[in-house]
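A short write-up of the structure that comes next.
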Amino acid sequence: MSETLENLSSETRQFPPPEALAAAANVKAEAYEEAKADRLAFWAEQADRLTWAKKWDQVLDWSNPPFAKWFIGGELNIAYNCVDRHVEAGRGDKVAIHWEGEPGDTRTITYAELLKQVSQAANTLTDLGITAGDRVAIYMPMIPEAAVAMLACARVGATHSVVFGGFSVDALSTRIADAEAKLVITADGGYRRGKPSALKPTVDEAVAKSPSIENVLVVRRTGQDVAWTDKDKWWHETVEQASPEHEAQAFDAEHPLFILYTSGTTGKPKGILHTTGGYLTQVSYTHNAVFDLKPETDVYWCTADIGWVTGHSYIVYGPLSNGATQVMYEGTPDTPGRDRFWQIVDKYKVSILYTAPTLIRTMMKWGDDIPAGYDLSSLRVLGSVGEPINPEAWMWYRENIGRNRTPIVDTWWQTETGGVMISPLPGVTATKPGSAMTPLPGITADVVDDQAQSVPNGGGGFLVLRDPWPSMLRTIWGDDKRFLDTYWSRFGAGADSSSSDEWIYFAGDGAKKDEDGALWLLGRVDDVMLVSGHNISTTEVESALVSHPSVAESAVVGATDPTTGQAIVAFVIPRGNVDTEGDAGEQLNVDLRNHVAKTLGPIAKPRQIMLVPELPKTRSGKIMRRLLKDVAENRSLGDVTTLQDSAVMDLISKGMNTGK
Ligand code: WT7
């Protein structure tokens, strides 16, 4: 981006919070004022949500920026805060997890049972020689033992590194090596798309390459045959036989809680390090505030996998620290049928649903009649995370799932931020479809130009965070320099040319402020297209395409062009009922190009549109524009190892050759 980002779209619809929800909301508008008046006092107040074994002496130590320390001198145990204290308060019989296996088997786990299992697992970790500070890799399907394993690590002060269960041998072994993990916790397999999907063979291969691993703890889930070595221990022969008594010891507020690897666009994965007191403070506060959680009556469901940060913060640590009752689902949304999500919402009377734009767009493509067949009246707050949500998908979510009643919270955050940073508050904010709205109380986000100057309302540029926040990453595991280079050297005190003494965190996202100052996230800045001297965000062109009634989903890239520098090339998935054969396809193509020109202006008109059956996505559902760019520029494909479904690129390339 040379200067600022072009601001092309305009959205005028606005939805105030439902009155009853607003009147009873956990967090009211005053919170913004209060936090602005004294940010550190505000966070100190939120830290009081937790039970501390020893209270902190100082809220923030920022004397060695950008290395923050929060709640200095404080001590607490995370597992105690997520489990024991609810049992001690007489809520042991309350359901913590309604677990739904993909084949339809279920388990109901109360807080008392969770305490028993976490204590047993903690005792087993100790028996296996794990002590505070050791690293443990967790490679699991979406079964309750995944959460138990994380909490058991936290309980004994071991730092967990969860690796998504869909990742390869290489991904697992490089993460094990980087963290020098001593133990892997895994399962024989899990259920996906109607059949058992093995995990243990991947672990076996990875462990063979990993000299640091001393033991492998294996949950039996699918009953598949597994190879066995003398490092392997069955969970049911160790954890389930262990003593259920375990006294949680308190750890320093800055004790390392977990490492989570994030791939980024290039280079080796970064081990994002999160610590104890600040992390739990912010995820607990935000889970309560953003979802307006009423632990006594709500049933909360986050559809993420535990292998992503969303699973860490908003399945395990946030909800459990708040004593929530939640649903956890093992499988895919289309097994056994495309109604599985709505069947689960109906069955458990889910009241808060947190999911991703990629899933919402998929549900749109599958058709309105599927959710229409279910009673979704229990829902009262809907959340979105992971990518910008197009206004059209937002409206579909509101109308077809929220039935025009429920607020939508579009939550912007990152693995690095640990917790939600920018989001509406459901009882306070009048939301706009497609906007994450404003930073939460206690958070200072801004949009700046390339000189680090705040852009005025109506302008676009780079999203930055100006003040440290409690759940911020502390460093990249083993690589302080990369931490500085990646996040702190573009703007502010960490930039070579800067005379400023303000440390500014660069998130890597483009964003704009609308006339009211609301924030619109515009995708990763690496994806921004430069067309005839204009910086155009892929997100805006994609949203314009999705606003056409024939389009279910789209991905846009900038391809080298001899006249305009870059030209816009769009890949479009038509909705299910749309005719794309022969002339109809050609007409649709013309219509779509004109539709974008009309919506955003002629500068944003795509040079070329391909109608495709699927888009390449990462396992976490993000579109891999890099691969589409390879196609658009007629190159052979780059690294496809993080691609969710490798057949997709064949389909797309085939479409290219037939001109469709
Ligand atoms: C990147 C972080 C946060 C948990 C899941 C992803 C994009 C995330 C939004 C949103 C627009 C979003 C950003 C961000 N992103 N949420 N609500 N609106 N963009 O975590 O894998 O670390 O990815 O996801 O580009 O930088 P992650």
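Quick note on naming: the chains in the structure tokens go A, B, ... in the order shown, residues restart at 1 in each chain, and ligands are numbered from 1 in order of appearance.
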Please identify which residues in segment 302-429 of chain A DSSP calls alpha helix (DSSP H) from the backbone, and express them as an NGL selection string. :A and (309-311 or 318-321 or 340-348 or 357-366 or 369-372 or 391-396)
Check which residues fall inside 8 Å of ligand 1 when counting only C-alpha atoms and all ligand atoms, and print them as a VMD selection string. chain A and resid 262 308 to 310 384 to 389 410 to 420 422 to 423 435 to 436 507 to 509 520 to 524 620
Selection: 6 Å around segment 130-147 of chain A, only C-alpha atoms, excl. self and same-chain fewer than 6 positions, as a ChimeraX atom specification: /A:156-163,165,181-187,190,330
Nearby residues (only C-alpha atoms) at most 6 Å from segment 50-57 of chain A, same-chain spacing under 3 positions excluded, as a list in words: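 Counting only the stated atoms, we get Ala47, Phe71, Ile72, Gly73, Gly74, Glu75 and Leu76 of chain A.
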Might you pull out every residue within 12 Å of Lys512 of chain A, with only C-alpha atoms counted and same-chain residues fewer than 6 positions away left off, and present them as a PyMOL selection string? chain A and resi 4-10+434-438+445-449+454-464+518-523+536-537+539-540
